[in-house]
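Asks: Structure supplied as coords27.cif; contents: mmCIF, C-alpha atoms and all ligand atoms.
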data_run
loop_
_atom_site.label_atom_id
_atom_site.label_comp_id
_atom_site.auth_asym_id
_atom_site.auth_seq_id
_atom_site.Cartn_x
_atom_site.Cartn_y
_atom_site.Cartn_z
CA MET A 481 -17.60 -50.43 23.69
CA THR A 482 -15.02 -49.89 26.42
CA THR A 483 -11.51 -48.95 25.38
CA LEU A 484 -8.63 -50.20 27.46
CA GLU A 485 -5.16 -49.17 26.38
CA THR A 486 -1.74 -50.47 27.26
CA PRO A 487 1.23 -48.90 25.44
CA PRO A 488 4.16 -50.95 24.28
CA THR A 489 7.47 -51.35 26.01
CA GLY A 490 10.50 -50.75 23.94
CA THR A 491 9.54 -47.15 24.61
CA GLY A 492 11.17 -47.42 27.98
CA LEU A 493 7.81 -47.79 29.71
CA ALA A 494 6.88 -50.85 31.70
CA PRO A 495 4.61 -53.17 29.68
CA GLU A 496 1.74 -52.87 32.10
CA ARG A 497 1.49 -49.11 31.92
CA THR A 498 -2.07 -48.07 31.29
CA ILE A 499 -3.15 -44.86 29.64
CA VAL A 500 -6.88 -44.80 29.63
CA ILE A 501 -7.78 -46.70 32.74
CA ASP A 502 -8.51 -44.55 35.71
CA ASP A 503 -7.59 -45.58 39.18
CA ALA A 504 -10.05 -48.05 40.67
CA PRO A 505 -13.05 -46.31 42.26
CA GLU A 506 -12.52 -48.07 45.55
CA ALA A 507 -9.17 -46.32 45.85
CA LYS A 508 -10.91 -43.09 46.78
CA VAL A 509 -11.27 -42.30 50.45
CA PRO A 510 -14.98 -42.44 51.18
CA ALA A 511 -16.91 -39.95 53.22
CA PRO A 512 -16.94 -41.25 56.82
CA ARG A 513 -19.76 -43.71 57.39
CA PRO A 514 -21.93 -43.27 60.42
CA ALA A 515 -20.88 -45.46 63.32
CA THR A 516 -22.76 -48.71 63.74
CA PRO A 517 -26.24 -48.03 65.11
CA ALA A 518 -26.86 -49.02 68.69
CA ARG A 519 -29.26 -51.86 67.85
CA ASN A 520 -28.36 -55.47 68.43
CA PRO A 521 -28.43 -57.42 65.18
CA LEU A 522 -26.50 -60.22 66.81
CA GLY A 523 -29.49 -61.15 68.90
CA GLY A 524 -27.83 -63.14 71.64
CA PHE A 525 -25.29 -60.61 72.88
CA SER A 526 -25.91 -57.90 75.41
CA LEU A 527 -24.88 -54.55 74.02
CA ALA A 528 -24.82 -52.83 77.36
CA SER A 529 -21.08 -52.41 77.15
CA PRO A 530 -19.78 -49.48 79.16
CA MET A 531 -18.40 -46.59 77.17
CA SER A 532 -14.71 -46.98 77.49
CA LYS A 533 -12.54 -44.00 78.21
CA PHE A 534 -10.82 -44.86 74.95
CA VAL A 535 -13.96 -44.29 72.84
CA GLY A 536 -13.15 -42.97 69.40
CA ARG A 537 -9.63 -44.21 69.45
CA ASP A 538 -9.89 -47.97 69.05
CA ILE A 539 -9.90 -49.19 65.48
CA GLY A 540 -10.95 -52.15 63.38
CA VAL A 541 -8.78 -53.00 60.38
CA ASP A 542 -9.62 -55.04 57.32
CA LEU A 543 -6.04 -55.67 56.29
CA GLY A 544 -6.84 -56.93 52.82
CA THR A 545 -4.73 -58.20 49.95
CA ALA A 546 -6.30 -55.61 47.65
CA ASN A 547 -7.61 -52.90 50.01
CA THR A 548 -7.14 -51.84 53.60
CA LEU A 549 -10.14 -50.33 55.38
CA VAL A 550 -9.99 -48.72 58.81
CA TYR A 551 -12.98 -48.27 61.07
CA VAL A 552 -12.59 -45.89 64.01
CA ARG A 553 -14.77 -46.42 67.04
CA GLY A 554 -17.60 -43.95 67.05
CA ARG A 555 -16.74 -42.61 63.58
CA GLY A 556 -17.27 -45.51 61.15
CA ILE A 557 -15.11 -46.37 58.12
CA VAL A 558 -12.74 -43.45 57.70
CA LEU A 559 -10.09 -44.93 55.45
CA ASN A 560 -10.31 -47.13 52.36
CA GLU A 561 -7.09 -47.39 50.38
CA PRO A 562 -5.41 -49.97 48.14
CA SER A 563 -2.85 -52.08 50.05
CA VAL A 564 0.06 -50.76 48.01
CA VAL A 565 3.31 -49.06 49.07
CA ALA A 566 5.82 -47.36 46.77
CA ILE A 567 9.41 -47.62 48.01
CA ASN A 568 12.57 -45.87 46.87
CA THR A 569 14.96 -48.80 46.53
CA MET A 570 18.03 -46.58 46.83
CA THR A 571 17.12 -44.95 50.14
CA GLY A 572 14.51 -47.39 51.46
CA ALA A 573 12.16 -44.44 51.96
CA VAL A 574 8.42 -44.81 51.50
CA VAL A 575 7.46 -42.68 48.49
CA ALA A 576 3.69 -43.18 48.59
CA VAL A 577 1.07 -45.36 50.25
CA GLY A 578 -2.45 -46.37 49.21
CA SER A 579 -4.19 -44.81 46.20
CA GLU A 580 -1.18 -42.74 45.22
CA ALA A 581 1.06 -45.82 45.29
CA LYS A 582 -1.47 -47.89 43.30
CA GLN A 583 -1.41 -45.33 40.52
CA MET A 584 2.32 -45.86 40.32
CA ILE A 585 2.11 -49.61 39.59
CA GLY A 586 3.84 -50.17 36.26
CA ARG A 587 4.79 -46.50 36.03
CA THR A 588 7.71 -46.24 38.40
CA PRO A 589 11.26 -45.22 37.47
CA ALA A 590 13.93 -47.85 38.06
CA HIS A 591 14.66 -46.82 41.64
CA VAL A 592 11.02 -46.93 42.81
CA VAL A 593 8.97 -50.09 43.24
CA ALA A 594 5.25 -50.22 43.96
CA VAL A 595 4.71 -53.23 46.19
CA ARG A 596 1.63 -55.06 47.42
CA PRO A 597 2.87 -56.33 50.78
CA LEU A 598 0.04 -58.86 51.23
CA ARG A 599 -0.46 -61.85 49.00
CA ASP A 600 -3.17 -64.49 49.28
CA GLY A 601 -4.61 -62.71 52.31
CA VAL A 602 -1.42 -62.95 54.35
CA ILE A 603 1.67 -60.85 54.91
CA ALA A 604 4.24 -61.44 52.19
CA ASP A 605 6.50 -58.55 53.19
CA PHE A 606 6.44 -57.95 56.92
CA GLU A 607 8.37 -54.70 57.08
CA ILE A 608 6.38 -52.99 54.35
CA THR A 609 3.07 -54.18 55.84
CA GLU A 610 4.08 -52.69 59.16
CA ARG A 611 5.00 -49.38 57.56
CA MET A 612 1.75 -49.30 55.63
CA LEU A 613 -0.29 -50.02 58.77
CA ARG A 614 1.60 -47.39 60.75
CA TYR A 615 0.90 -44.84 58.01
CA PHE A 616 -2.82 -45.68 57.97
CA ILE A 617 -3.15 -45.67 61.77
CA GLN A 618 -1.42 -42.30 62.00
CA LYS A 619 -3.53 -40.95 59.17
CA VAL A 620 -6.85 -41.82 60.81
CA HIS A 621 -5.80 -40.58 64.21
CA ARG A 622 -4.46 -37.31 62.92
CA ARG A 623 -2.32 -37.10 66.07
CA ARG A 624 -5.44 -36.32 68.06
CA TYR A 625 -4.74 -38.95 70.68
CA PHE A 626 -1.61 -39.72 72.54
CA ALA A 627 -2.31 -43.25 73.72
CA LYS A 628 -1.94 -46.20 71.39
CA PRO A 629 -5.19 -47.65 70.04
CA ARG A 630 -6.68 -51.06 70.70
CA VAL A 631 -6.85 -52.71 67.28
CA VAL A 632 -9.09 -55.49 65.98
CA VAL A 633 -7.59 -56.98 62.81
CA CYS A 634 -9.29 -59.42 60.46
CA VAL A 635 -7.37 -62.43 59.14
CA PRO A 636 -8.30 -65.29 56.80
CA SER A 637 -9.63 -68.32 58.68
CA GLY A 638 -7.11 -70.64 57.06
CA ILE A 639 -3.89 -68.89 58.08
CA THR A 640 -1.16 -70.60 60.04
CA GLY A 641 -0.08 -69.66 63.55
CA VAL A 642 3.06 -68.06 62.13
CA GLU A 643 1.04 -65.94 59.67
CA ARG A 644 -1.35 -64.92 62.44
CA ARG A 645 1.57 -63.98 64.67
CA ALA A 646 3.00 -61.85 61.83
CA VAL A 647 -0.26 -59.84 61.66
CA ILE A 648 -0.22 -59.29 65.43
CA GLU A 649 3.43 -58.22 65.35
CA ALA A 650 2.86 -55.88 62.41
CA ALA A 651 -0.08 -54.20 64.14
CA SER A 652 1.80 -53.83 67.40
CA GLN A 653 4.90 -52.49 65.68
CA ALA A 654 2.62 -50.07 63.84
CA GLY A 655 1.50 -48.62 67.17
CA ALA A 656 -1.30 -50.82 68.56
CA ARG A 657 -1.61 -51.01 72.34
CA GLN A 658 -3.52 -54.29 72.15
CA VAL A 659 -4.23 -56.50 69.14
CA HIS A 660 -7.27 -58.74 68.76
CA ILE A 661 -7.88 -61.05 65.88
CA VAL A 662 -11.21 -61.84 64.29
CA GLU A 663 -11.56 -64.25 61.42
CA GLU A 664 -12.62 -62.68 58.13
CA PRO A 665 -15.73 -64.79 57.52
CA MET A 666 -17.00 -63.97 61.02
CA ALA A 667 -16.33 -60.27 60.48
CA ALA A 668 -17.94 -60.42 57.02
CA ALA A 669 -21.05 -62.12 58.43
CA ILE A 670 -21.38 -59.56 61.23
CA GLY A 671 -20.79 -56.70 58.78
CA ALA A 672 -23.43 -58.11 56.41
CA GLY A 673 -25.94 -58.13 59.27
CA LEU A 674 -26.29 -61.92 59.61
CA PRO A 675 -27.64 -63.12 62.98
CA VAL A 676 -24.38 -64.87 63.89
CA ALA A 677 -25.23 -65.28 67.58
CA GLU A 678 -28.55 -66.99 67.03
CA ALA A 679 -29.13 -70.74 67.06
CA THR A 680 -29.59 -70.75 63.33
CA GLY A 681 -27.20 -71.46 60.48
CA SER A 682 -25.86 -68.55 58.45
CA MET A 683 -23.55 -69.01 55.49
CA VAL A 684 -21.16 -66.39 54.21
CA VAL A 685 -18.86 -66.47 51.17
CA ASP A 686 -16.31 -63.63 51.29
CA ILE A 687 -14.43 -63.28 47.99
CA GLY A 688 -11.55 -60.84 48.39
CA GLY A 689 -8.43 -60.19 46.38
CA GLY A 690 -6.30 -63.03 47.72
CA THR A 691 -8.62 -65.42 49.52
CA THR A 692 -12.16 -66.73 49.40
CA GLU A 693 -13.57 -67.55 52.81
CA VAL A 694 -16.55 -69.84 53.04
CA ALA A 695 -18.09 -70.34 56.47
CA ILE A 696 -21.18 -71.64 58.20
CA ILE A 697 -21.82 -69.81 61.45
CA SER A 698 -24.16 -70.51 64.33
CA LEU A 699 -24.33 -69.45 68.00
CA GLY A 700 -21.47 -66.99 67.63
CA GLY A 701 -18.99 -69.55 66.30
CA ILE A 702 -17.76 -70.97 63.01
CA VAL A 703 -19.19 -74.44 62.58
CA ASN A 704 -17.56 -75.22 59.29
CA ALA A 705 -15.17 -73.17 57.16
CA GLN A 706 -12.97 -73.38 54.14
CA SER A 707 -10.43 -70.80 53.04
CA ILE A 708 -8.94 -71.04 49.57
CA ARG A 709 -6.29 -68.83 48.05
CA THR A 710 -8.33 -68.25 44.92
CA ALA A 711 -10.12 -64.90 44.58
CA GLY A 712 -10.01 -61.63 42.62
CA ASP A 713 -6.24 -61.66 41.99
CA GLU A 714 -6.52 -65.10 40.45
CA PHE A 715 -9.21 -63.83 38.06
CA ASP A 716 -6.83 -61.03 36.99
CA GLU A 717 -4.01 -63.50 36.49
CA ALA A 718 -6.25 -65.82 34.47
CA ILE A 719 -7.19 -62.90 32.18
CA ILE A 720 -3.52 -61.93 31.71
CA ASN A 721 -2.59 -65.53 30.85
CA HIS A 722 -5.54 -65.97 28.48
CA VAL A 723 -4.82 -62.76 26.55
CA LYS A 724 -1.14 -63.69 26.41
CA LYS A 725 -1.85 -67.21 25.16
CA VAL A 726 -4.66 -66.50 22.70
CA TYR A 727 -3.70 -63.03 21.43
CA SER A 728 0.04 -62.84 22.25
CA LEU A 729 -0.70 -59.59 24.01
CA MET A 730 0.98 -58.45 27.21
CA LEU A 731 -1.37 -56.93 29.80
CA GLY A 732 -0.63 -55.47 33.20
CA GLU A 733 -2.38 -56.16 36.51
CA ARG A 734 -4.45 -52.99 36.46
CA SER A 735 -5.66 -53.50 32.90
CA ALA A 736 -6.65 -57.08 33.71
CA GLU A 737 -8.57 -55.90 36.78
CA GLU A 738 -10.38 -53.31 34.69
CA ILE A 739 -11.35 -55.95 32.11
CA LYS A 740 -12.64 -58.16 34.93
CA MET A 741 -14.78 -55.37 36.33
CA THR A 742 -16.19 -54.23 33.00
CA LEU A 743 -16.46 -57.41 30.92
CA ALA A 744 -16.22 -60.54 33.04
CA ALA A 745 -19.21 -62.63 34.04
CA ALA A 746 -19.68 -66.02 35.65
CA VAL A 747 -22.65 -66.89 33.41
CA PRO A 748 -23.37 -66.36 29.71
CA LEU A 749 -24.76 -62.85 29.21
CA ALA A 750 -27.98 -62.26 27.27
CA ASN A 751 -26.20 -59.45 25.40
CA PRO A 752 -22.49 -60.26 25.20
CA GLU A 753 -20.26 -57.20 25.34
CA VAL A 754 -16.92 -56.43 23.72
CA ALA A 755 -14.01 -54.16 24.56
CA GLU A 756 -11.03 -52.95 22.60
CA ILE A 757 -7.74 -53.59 24.35
CA ARG A 758 -4.46 -52.09 23.31
CA GLY A 759 -1.26 -53.66 24.49
CA ARG A 760 2.18 -54.84 23.52
CA ASP A 761 2.43 -57.61 20.97
CA LEU A 762 4.67 -60.25 22.49
CA VAL A 763 6.02 -61.30 19.09
CA THR A 764 6.74 -57.97 17.43
CA GLY A 765 7.04 -55.81 20.54
CA LEU A 766 4.81 -53.26 18.80
CA PRO A 767 1.45 -51.84 19.93
CA LYS A 768 -1.51 -54.00 19.01
CA THR A 769 -5.26 -53.64 19.41
CA ILE A 770 -7.52 -56.61 19.96
CA VAL A 771 -11.24 -56.93 20.59
CA VAL A 772 -12.18 -59.15 23.52
CA SER A 773 -15.70 -60.33 24.29
CA SER A 774 -17.34 -61.05 27.61
CA GLU A 775 -17.59 -64.71 26.50
CA ASP A 776 -13.84 -64.76 25.99
CA VAL A 777 -13.27 -63.39 29.47
CA ARG A 778 -15.77 -65.84 30.94
CA ASP A 779 -13.71 -68.69 29.47
CA ALA A 780 -10.54 -67.13 30.86
CA ILE A 781 -11.82 -67.06 34.44
CA ALA A 782 -13.71 -70.38 34.30
CA GLU A 783 -11.16 -72.24 36.42
CA PRO A 784 -10.96 -69.88 39.42
CA VAL A 785 -14.76 -69.43 39.35
CA GLN A 786 -15.14 -73.22 39.49
CA ALA A 787 -12.66 -73.43 42.40
CA ILE A 788 -14.86 -71.04 44.40
CA ILE A 789 -18.00 -73.00 43.58
CA ASP A 790 -16.28 -76.23 44.65
CA ALA A 791 -15.28 -74.66 47.98
CA VAL A 792 -18.89 -73.65 48.61
CA ARG A 793 -20.17 -77.11 47.70
CA ASN A 794 -17.57 -78.84 49.89
CA THR A 795 -18.52 -76.67 52.86
CA LEU A 796 -22.20 -77.38 52.32
CA ASP A 797 -21.48 -81.12 51.96
CA SER A 798 -20.14 -81.31 55.49
CA CYS A 799 -22.81 -79.08 57.01
CA PRO A 800 -25.02 -80.54 59.78
CA PRO A 801 -28.53 -81.16 58.35
CA GLU A 802 -30.33 -78.70 60.68
CA LEU A 803 -28.02 -75.89 59.65
CA ALA A 804 -28.36 -76.87 55.97
CA ALA A 805 -32.11 -76.41 56.32
CA ASP A 806 -31.57 -72.94 57.85
CA ILE A 807 -29.27 -71.96 54.98
CA MET A 808 -31.75 -73.30 52.45
CA GLU A 809 -34.29 -70.93 53.94
CA ARG A 810 -32.06 -67.92 54.52
CA GLY A 811 -29.66 -68.24 51.59
CA ILE A 812 -25.92 -67.76 51.15
CA MET A 813 -24.57 -64.24 51.75
CA LEU A 814 -21.90 -63.08 49.29
CA THR A 815 -19.42 -60.43 50.50
CA GLY A 816 -16.05 -59.01 49.35
CA GLY A 817 -15.23 -57.33 46.05
CA GLY A 818 -15.46 -60.65 44.18
CA ALA A 819 -19.19 -60.76 45.02
CA LEU A 820 -19.56 -58.04 42.37
CA LEU A 821 -18.45 -60.35 39.56
CA ARG A 822 -21.45 -60.34 37.28
CA GLY A 823 -23.66 -63.41 37.48
CA LEU A 824 -21.69 -65.08 40.27
CA ASP A 825 -24.74 -65.08 42.55
CA GLN A 826 -26.83 -66.73 39.85
CA ARG A 827 -24.14 -69.28 39.04
CA LEU A 828 -23.69 -70.21 42.72
CA SER A 829 -27.41 -70.52 43.14
CA ASP A 830 -27.69 -72.75 40.06
CA GLU A 831 -24.86 -74.98 41.23
CA THR A 832 -25.89 -75.34 44.87
CA GLY A 833 -29.66 -75.04 44.65
CA MET A 834 -29.52 -72.43 47.44
CA PRO A 835 -30.75 -68.84 47.32
CA VAL A 836 -27.78 -66.44 47.08
CA VAL A 837 -27.82 -62.82 48.22
CA ILE A 838 -25.16 -60.14 47.62
CA ALA A 839 -24.52 -57.98 50.70
CA SER A 840 -25.49 -54.34 50.29
CA ASP A 841 -21.89 -53.07 50.73
CA PRO A 842 -19.86 -56.16 49.83
CA LEU A 843 -16.48 -54.36 49.85
CA ASP A 844 -17.13 -52.91 53.32
CA CYS A 845 -18.54 -55.93 55.16
CA VAL A 846 -15.32 -57.16 56.77
CA ALA A 847 -14.40 -53.65 57.97
CA LEU A 848 -17.95 -53.06 59.25
CA GLY A 849 -17.77 -56.37 61.13
CA ALA A 850 -14.39 -55.44 62.63
CA GLY A 851 -15.92 -52.06 63.47
CA LYS A 852 -18.79 -53.67 65.31
CA CYS A 853 -16.28 -55.72 67.31
CA VAL A 854 -14.61 -52.43 68.24
CA ASP A 855 -17.84 -50.54 68.97
CA GLU A 856 -19.21 -53.35 71.09
CA PHE A 857 -15.94 -54.78 72.27
CA GLU A 858 -17.03 -56.23 75.60
CA ALA A 859 -20.21 -57.76 74.16
CA LEU A 860 -18.42 -59.30 71.20
CA GLN A 861 -15.39 -60.71 73.03
CA ALA A 862 -17.13 -64.08 72.68
CA VAL A 863 -17.03 -63.83 68.90
CA MET A 864 -13.32 -63.17 68.93
CA ALA A 865 -12.21 -65.27 71.88
CA PRO A 866 -13.12 -68.82 70.80
CA HIS A 867 -10.99 -68.50 67.68
CA ASN A 868 -8.41 -66.27 69.14
CA PRO A 869 -5.75 -67.65 71.39
CA TYR A 870 -3.53 -64.72 70.46
CA GLN A 871 -5.15 -61.72 72.09
CA HIS A 872 -2.06 -59.75 72.92
CA ARG A 873 -1.33 -56.73 75.04
CA PHE A 874 1.77 -54.68 74.45
N1 LIG B 1 -17.14 -55.02 40.09
C1 LIG B 1 -16.25 -55.95 40.37
N2 LIG B 1 -16.25 -57.12 39.69
C2 LIG B 1 -15.36 -58.09 39.95
N3 LIG B 1 -14.41 -57.98 40.90
C3 LIG B 1 -14.36 -56.84 41.62
C4 LIG B 1 -15.27 -55.77 41.40
N4 LIG B 1 -14.96 -54.76 42.27
C5 LIG B 1 -13.90 -55.18 42.99
N5 LIG B 1 -13.53 -56.42 42.60
C6 LIG B 1 -12.39 -57.21 43.09
O1 LIG B 1 -12.52 -57.44 44.47
C7 LIG B 1 -11.21 -57.65 45.03
C8 LIG B 1 -11.04 -56.79 46.25
O2 LIG B 1 -12.02 -57.16 47.17
P1 LIG B 1 -11.82 -56.89 48.72
O3 LIG B 1 -11.47 -55.47 48.94
O4 LIG B 1 -13.01 -57.44 49.41
O5 LIG B 1 -10.53 -57.80 48.98
P2 LIG B 1 -9.47 -57.72 50.16
O6 LIG B 1 -10.20 -57.66 51.46
O7 LIG B 1 -8.49 -56.67 49.92
O8 LIG B 1 -8.77 -59.14 49.96
P3 LIG B 1 -8.58 -60.39 50.97
O9 LIG B 1 -9.87 -60.53 51.73
O10 LIG B 1 -8.32 -61.55 50.06
O11 LIG B 1 -7.40 -60.04 51.78
C9 LIG B 1 -10.20 -57.24 43.96
O12 LIG B 1 -9.67 -58.42 43.35
C10 LIG B 1 -11.07 -56.46 42.96
O13 LIG B 1 -10.56 -56.55 41.65
#
As structure tokens, please, write out the structure in this file.
Replies:
Amino acid sequence: MTTLETPPTGTGLAPERTIVIDDAPEAKVPAPRPATPARNPLGGFSLASPMSKFVGRDIGVDLGTANTLVYVRGRGIVLNEPSVVAINTMTGAVVAVGSEAKQMIGRTPAHVVAVRPLRDGVIADFEITERMLRYFIQKVHRRRYFAKPRVVVCVPSGITGVERRAVIEAASQAGARQVHIVEEPMAAAIGAGLPVAEATGSMVVDIGGGTTEVAIISLGGIVNAQSIRTAGDEFDEAIINHVKKVYSLMLGERSAEEIKMTLAAAVPLANPEVAEIRGRDLVTGLPKTIVVSSEDVRDAIAEPVQAIIDAVRNTLDSCPPELAADIMERGIMLTGGGALLRGLDQRLSDETGMPVVIASDPLDCVALGAGKCVDEFEALQAVMAPHNPYQHRF
């Protein structure tokens, strides 16, 4: 039995303060991954790109709603931090960024707010996003280089021109010499090792914190895509609302995320699990303990899970028959943190009749794809260019 505790307010603490839950494991900075090997998994592209004089400096950024990952050319993924910034509201100063700031959510004194500057995959607070990016870029470069880096940033495929422009501006303000955009599903597919350049259909479903990207890719381009603003955050919200409605218990974001990771499933489990959750009773304001089962949590997240399944089905419905046959053979690749929701692969497979595979590093795929675009920049221009009228130099 897992114990999740949330102390009451009325004690002066914010309701979502958690006692037992540790910071999410993905908040830790990983050991640097080896740079992408010099093979050519994309098949159709020549990888004979000349070594640029800027080797080691250019970076690929997965600017995610939940996590930001930075890949440095020649070094691999060197930074993986929650997309959270703590700000002192009296002075406007940044108090903490990343893991340290995430730990502060729900625990800050009145004059400090812990903010997630991206919502639904796009920039909700431009200035804070820019400061966060600047901090991360400076952190990975450790002042070793004087010139500004060339930056490849991943964005959801469904964002508007204005939202795209905001990402480019934020990256340039944060110190990029040149900003290139690659769409998240394309980056996820490349990072998952799908043969995106070949004349065969590949399907990727990237379930992040704010958006789910569904795309069918062939010959280096996106044939069909759907981006919905339903993903991991929506699961958390559904759990908070369910516990509030059924048990009159107030839960915070971090507790809900922990419940999702430990208890939630998209299919009935052979051995249902339970967890004890302590929180604030909405009626009495006093601490209360409830026992929640995995079945309970499955009901809570049923709606957002169904929305993702519908997006996959809709994309498949409008898929050219030849590509559908390829996908039938090859299967659907699941990437992003949401791919780790228990039983989601099985549920998707049951509902679509297609084989479904979870990528080996689902949380890293987008950053690895952006990294490959950086490592093999000249060769992969084609992947970026057709979808990218906004390649900017500053
Ligand atoms: N084991 C798990 N089970 C369920 N969900 C998980 C698990 N591990 C991580 N997640 C969820 O995955 C999401 C983060 O995934 P990811 O880092 O791919 O998103 P992101 O790139 O930051 O978001 P976006 O692509 O929407 O901008 C969070 O909602 C997190 O709670």
Asks: Using only C-alpha atoms and all ligand atoms, find the one residue out of A:Ala654, A:Ala805, A:Ala745, A:Leu796 that sits nearest to ligand LIG 1 (chain B).
Replies: A:Ala745
Asks: Which one is closest to ligand LIG 1 (chain B): A:Lys740, A:Arg734, A:Arg645, A:His621? Count only C-alpha atoms and all ligand atoms.
Replies: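 Among A:Lys740, A:Arg734, A:Arg645, A:His621, it is A:Lys740 that comes nearest to ligand LIG 1 (chain B).
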Asks: Do you know which residues lie at most 12 Å from (-16.2, -52.3, 59.1), with coordinates as in the file and all atoms listed in the file counted, and could you write them as a PyMOL selection string?
Replies: chain A and resi 512-516+539-543+548-560+632-634+662+664+666-673+816+841-855
Asks: For Ala780 (chain A), please output as a PDB file with C-alpha atoms, in the coordinates of the input all residues within 12 Å (counting only C-alpha atoms; exclusion window: fewer than 3 positions along the same chain).
Replies:
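result_6.pdb, freshly written:
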ATOM      1  CA  GLU A 714      -6.520 -65.100  40.450  1.00  0.00           C
ATOM      2  CA  PHE A 715      -9.210 -63.830  38.060  1.00  0.00           C
ATOM      3  CA  ASP A 716      -6.830 -61.030  36.990  1.00  0.00           C
ATOM      4  CA  GLU A 717      -4.010 -63.500  36.490  1.00  0.00           C
ATOM      5  CA  ALA A 718      -6.250 -65.820  34.470  1.00  0.00           C
ATOM      6  CA  ILE A 719      -7.190 -62.900  32.180  1.00  0.00           C
ATOM      7  CA  ILE A 720      -3.520 -61.930  31.710  1.00  0.00           C
ATOM      8  CA  ASN A 721      -2.590 -65.530  30.850  1.00  0.00           C
ATOM      9  CA  HIS A 722      -5.540 -65.970  28.480  1.00  0.00           C
ATOM     10  CA  VAL A 723      -4.820 -62.760  26.550  1.00  0.00           C
ATOM     11  CA  LYS A 724      -1.140 -63.690  26.410  1.00  0.00           C
ATOM     12  CA  LYS A 725      -1.850 -67.210  25.160  1.00  0.00           C
ATOM     13  CA  VAL A 726      -4.660 -66.500  22.700  1.00  0.00           C
ATOM     14  CA  ALA A 736      -6.650 -57.080  33.710  1.00  0.00           C
ATOM     15  CA  ILE A 739     -11.350 -55.950  32.110  1.00  0.00           C
ATOM     16  CA  LYS A 740     -12.640 -58.160  34.930  1.00  0.00           C
ATOM     17  CA  LEU A 743     -16.460 -57.410  30.920  1.00  0.00           C
ATOM     18  CA  ALA A 744     -16.220 -60.540  33.040  1.00  0.00           C
ATOM     19  CA  ALA A 745     -19.210 -62.630  34.040  1.00  0.00           C
ATOM     20  CA  ALA A 746     -19.680 -66.020  35.650  1.00  0.00           C
ATOM     21  CA  VAL A 772     -12.180 -59.150  23.520  1.00  0.00           C
ATOM     22  CA  SER A 773     -15.700 -60.330  24.290  1.00  0.00           C
ATOM     23  CA  SER A 774     -17.340 -61.050  27.610  1.00  0.00           C
ATOM     24  CA  GLU A 775     -17.590 -64.710  26.500  1.00  0.00           C
ATOM     25  CA  ASP A 776     -13.840 -64.760  25.990  1.00  0.00           C
ATOM     26  CA  VAL A 777     -13.270 -63.390  29.470  1.00  0.00           C
ATOM     27  CA  GLU A 783     -11.160 -72.240  36.420  1.00  0.00           C
ATOM     28  CA  PRO A 784     -10.960 -69.880  39.420  1.00  0.00           C
ATOM     29  CA  VAL A 785     -14.760 -69.430  39.350  1.00  0.00           C
ATOM     30  CA  GLN A 786     -15.140 -73.220  39.490  1.00  0.00           C
TER      31      GLN A 786
END
Asks: Which is closer to Thr764 (chain A) than all the others in A:Leu729, A:Gly544, A:Gly712, A:Gly688, using only C-alpha atoms?
Replies: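 Result for the nearest residue to Thr764 (chain A): A:Leu729.
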Asks: Between CA of Ala695 (chain A) and CA of Leu814 (chain A), what is the distance in Å, rounded to a tenth?
Replies: 10.9 Å
Asks: Considering all atoms listed in the file, can you say which of A:Val575, A:Leu699, A:Met612, A:Ile617 comes closest to Arg657 (chain A)?
Replies: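 Checking each candidate against Arg657 (chain A), we get A:Ile617 as the closest.
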Asks: Do you know which residues are at most 9 Å from Gly689 (chain A) counting only C-alpha atoms, after dropping those on the same chain fewer than 5 positions away, and could you put them as a ChimeraX atom specification?
Replies: /A:544-547,599-601,710-714,816-818
Asks: Would you compute an axis-aligned box for ligand LIG 1 (chain B), covering every atom listed for it in the file with 6 Å of margin on each side, and report centre and edge lengths in Å to one decimal as lines of an AutoDock Vina configuration file?
Replies:
center_x = -12.3
center_y = -58.2
center_z = 45.7
size_x = 21.7
size_y = 18.8
size_z = 24.1
Asks: Counting all atoms listed in the file, figure out which residue out of A:Gln861, A:Gln706, A:Thr815, A:Thr609 gets nearest to Ile838 (chain A).
Replies: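 So, comparing all the options, the nearest one is A:Thr815.
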Asks: One number please: CA of Leu828 (chain A) to CA of Ser707 (chain A), in Å, one decimal.
Replies: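 Between CA of Leu828 (chain A) and CA of Ser707 (chain A) the gap works out to 16.8 Å.
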Asks: Contacts of Glu607 (chain A) at 9 Å or less, counting all atoms listed in the file, minus same-chain residues fewer than 4 places along, as a PyMOL selection string?
Replies: chain A and resi 597+611-612+650
Asks: Of the residues A:Arg709, A:Arg614, A:Lys582, A:Arg587, which is the one nearest to ligand LIG 1 (chain B), using only C-alpha atoms and all ligand atoms?
Replies: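 Counting only C-alpha atoms and all ligand atoms, the residue closest to ligand LIG 1 (chain B) is A:Arg709.
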Asks: What does the structure give for the distance between CA of Thr691 (chain A) and CA of Met730 (chain A), in Å to one decimal?
Replies: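 Computing the Euclidean distance for CA of Thr691 (chain A) and CA of Met730 (chain A) yields 25.3 Å.
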